[in-house]
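Working notes for the structure below.
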Amino acid sequence: RVIFKGDNMGYFAPCGYVSSKYYDANQSEMVRSFTGGFLTTCGLDNVGEVCEIDGITYPLHGRISNQPAKHCYWSENDDDYTIHAIISQAALFMDKMELVREIHIGKKNNTIEIKDQIQNKGDKESACMFMYHMNMGYPLLSEHAQLQINSCDVRPRNEYAREHISTWKEISEPGSMTEEACYYHSFEEKGVAKIYNPDIKKGVEISFDPESLPCFTEWKMMGKYDYVLDWNPETVIQTAVKRLIKVVSL
């Protein structure tokens, strides 16, 4: 959860908090334990739909968000608090990956900075997919919210999104859409996405490096009971992963 001065900034799914021991990787069963929150980490082997390649099934959005941290602690200095965590995604005869995460929370300003290292602990090359699944919800998200993304190009995912592409930066009221709308954004410089709601006089801005996170997806669902806006900076690494650092500032 991200709460700023009493107001919720993220989206909380109907299933609520669900222990990782109830995670089911079969088809779309993952959404029964998808809490959402302000950030869900997706990967390390998949960030999209369920798929099968060479006889191996890759679950929706991967497994890393349902892996408990094997080591977690916090520290502080004059400028910020830092949460440290190590999460493994490894199995016998399979890839042996590790996510080393730091979450820096500013004491002097309203910022959160995430620094990640993805490490290949095995003895063979491993491909990797990684996505920050950021979810905005009520009351930050409403029909009065203002959305800005400094992209140079916007492409729709399907025909439904194409029909509504003129409204990609508009937030409508709950129940105004019957289907999800997904758009792919391209950037020429630093990626920045902003949302501000004048009703609560609060907003969120994220920034990221499009060279290390070259794919950015905007996902909107304006349903009556599924009301959410997602920002998804992501990357795909097709060769050996030894040390990959990601920084996302909020």
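As shown in the structure tokens, the chain order sets the letters A, B, ...; within each chain, residues go from 1, and ligands are also counted from 1 in the order they appear.
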
Counting only C-alpha atoms, what is within 10 Å of A:Val236, bar same-chain residues fewer than 2 positions away, as an MDAnalysis selection string?
chainID A and resid 43:47 127:131 212:215 234 238:239

Name the residues of stretch 6-223 of chain A that fall into helix (DSSP H, G or I) according to DSSP on the backbone, using the chain letters and numbers of this document, as a list in words.
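Listing helix (DSSP H, G or I) positions across stretch 6-223 of chain A yields Ser20, Lys21, Tyr22, Gln27, Ser28, Glu29, Met30, Val31, Arg32, Ser33, Ile64, Ser65, Asn66, Glu159, Tyr160, Ala161, Arg162, Glu163, Ile165, Ser166 and Thr167 of chain A.
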
Can you tell me which residues surround A:Gly106 at a distance of at most 7 Å, considering only C-alpha atoms, apart from same-chain residues fewer than 5 positions away, and format the answer as a PyMOL selection string?
chain A and resi 79-81+111-112

Out of A:Asn135, A:Thr35, A:Gln119, A:Ser207, which residue has the shortest atom-to-atom distance to A:Lys96 when counting only C-alpha atoms?
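Among A:Asn135, A:Thr35, A:Gln119, A:Ser207, it is A:Gln119 that comes nearest to A:Lys96.
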
So which one's closest to A:Ala193, A:Pro233, A:Gly62, A:Gly36, A:Gly6? Using only C-alpha atoms, please.
A:Pro233

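Distances here use only C-alpha atoms; by that measure, the residue among A:His104, A:His185, A:Arg155, A:His61 closest to A:His133 is A:His61.
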
Choose the residue, out of A:Asn8, A:Asn158, A:Asn120, A:Asn232, that has the smallest atom-to-atom separation from A:Val192; count only C-alpha atoms.
A:Asn232

From a DSSP calculation on the backbone, collect every residue of stretch 11-246 of chain A in strand (DSSP E or B) and output the set as a PyMOL selection string.
chain A and resi 11-12+36-37+39-44+51-53+56-58+62+71-76+80-90+96-106+112-120+128-136+146-149+153-156+181-186+191-197+202-208+215-222+227-237+244-246

Can you work out the spacing between atom CA of A:Val154 and atom CA of A:Glu179 in Å, to one decimal?
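These atoms are spaced 18.8 Å apart.
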
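Between A:Phe34 and the residues A:Thr57, A:Ser65, A:Ser186, A:Thr82, the shortest atom-to-atom distance, using only C-alpha atoms, involves A:Ser65.
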
What is the atom CA of A:Arg63 to atom CA of A:Glu211 distance in Å?
24.7 Å

Set the distance at 10 Å and use only C-alpha atoms: which residues neighbour A:Val31 once local chain neighbours fewer than 4 positions away are removed? I'd like the list as a VMD selection string.
chain A and resid 13 to 15 23 to 25 27 35 to 36 60 to 61

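Shortest separation to A:Ile195 among A:Glu170, A:Glu102, A:Asp226, A:Asp123 occurs at residue A:Glu170, atoms counted being only C-alpha atoms.
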
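The two atoms in question, atom CA of A:Ile103 and atom CA of A:Ala90, are spaced 22.8 Å apart.
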
Would you list the contacts of A:Ile86 as a list in words, taking every protein, DNA or RNA residue within 10 Å and counting only C-alpha atoms, but skipping same-chain residues closer than 6 positions in sequence?
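Residues near the query, excluding close chain neighbours: Pro68, Ala69, Lys70, His71, Cys72, Tyr73, Glu98, Leu99, Val100, Arg101, Glu102, Asp116, Gln117 and Ile118 of chain A.
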
Just N, CA and C atoms for this one: save the residues we selected as a PDB file, in the first residue's frame.
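Wrote it out as result.pdb, contents follow:
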```pdb
ATOM      1  N   PRO A  68       8.290 -15.571  -1.494  1.00  0.00           N
ATOM      2  CA  PRO A  68       8.636 -14.838  -0.270  1.00  0.00           C
ATOM      3  C   PRO A  68      10.109 -14.447  -0.274  1.00  0.00           C
ATOM      4  N   ALA A  69      10.420 -13.306   0.312  1.00  0.00           N
ATOM      5  CA  ALA A  69      11.816 -12.894   0.429  1.00  0.00           C
ATOM      6  C   ALA A  69      12.556 -13.838   1.365  1.00  0.00           C
ATOM      7  N   LYS A  70      13.768 -14.231   0.966  1.00  0.00           N
ATOM      8  CA  LYS A  70      14.551 -15.112   1.842  1.00  0.00           C
ATOM      9  C   LYS A  70      15.398 -14.311   2.826  1.00  0.00           C
ATOM     10  N   HIS A  71      15.514 -13.004   2.573  1.00  0.00           N
ATOM     11  CA  HIS A  71      16.253 -12.138   3.488  1.00  0.00           C
ATOM     12  C   HIS A  71      15.688 -10.732   3.351  1.00  0.00           C
ATOM     13  N   CYS A  72      15.339 -10.104   4.474  1.00  0.00           N
ATOM     14  CA  CYS A  72      14.727  -8.770   4.427  1.00  0.00           C
ATOM     15  C   CYS A  72      15.099  -8.008   5.696  1.00  0.00           C
ATOM     16  N   TYR A  73      15.531  -6.743   5.552  1.00  0.00           N
ATOM     17  CA  TYR A  73      15.839  -5.896   6.705  1.00  0.00           C
ATOM     18  C   TYR A  73      15.774  -4.439   6.260  1.00  0.00           C
ATOM     19  N   GLU A  98      18.004 -14.436  -9.061  1.00  0.00           N
ATOM     20  CA  GLU A  98      17.843 -13.772  -7.780  1.00  0.00           C
ATOM     21  C   GLU A  98      17.604 -12.279  -7.992  1.00  0.00           C
ATOM     22  N   LEU A  99      16.617 -11.740  -7.292  1.00  0.00           N
ATOM     23  CA  LEU A  99      16.310 -10.310  -7.331  1.00  0.00           C
ATOM     24  C   LEU A  99      16.765  -9.692  -6.010  1.00  0.00           C
ATOM     25  N   VAL A 100      17.706  -8.745  -6.097  1.00  0.00           N
ATOM     26  CA  VAL A 100      18.193  -8.018  -4.930  1.00  0.00           C
ATOM     27  C   VAL A 100      17.605  -6.610  -5.004  1.00  0.00           C
ATOM     28  N   ARG A 101      16.772  -6.265  -4.037  1.00  0.00           N
ATOM     29  CA  ARG A 101      15.996  -5.015  -4.122  1.00  0.00           C
ATOM     30  C   ARG A 101      16.307  -4.080  -2.971  1.00  0.00           C
ATOM     31  N   GLU A 102      16.352  -2.786  -3.306  1.00  0.00           N
ATOM     32  CA  GLU A 102      16.414  -1.724  -2.308  1.00  0.00           C
ATOM     33  C   GLU A 102      15.283  -0.743  -2.589  1.00  0.00           C
ATOM     34  N   ASP A 116      17.022  -2.194  -8.268  1.00  0.00           N
ATOM     35  CA  ASP A 116      16.997  -3.652  -8.362  1.00  0.00           C
ATOM     36  C   ASP A 116      18.241  -4.172  -9.060  1.00  0.00           C
ATOM     37  N   GLN A 117      18.740  -5.300  -8.584  1.00  0.00           N
ATOM     38  CA  GLN A 117      19.773  -6.057  -9.279  1.00  0.00           C
ATOM     39  C   GLN A 117      19.215  -7.447  -9.535  1.00  0.00           C
ATOM     40  N   ILE A 118      19.221  -7.865 -10.799  1.00  0.00           N
ATOM     41  CA  ILE A 118      18.809  -9.220 -11.141  1.00  0.00           C
ATOM     42  C   ILE A 118      20.080 -10.009 -11.447  1.00  0.00           C
TER      43      ILE A 118
END
```
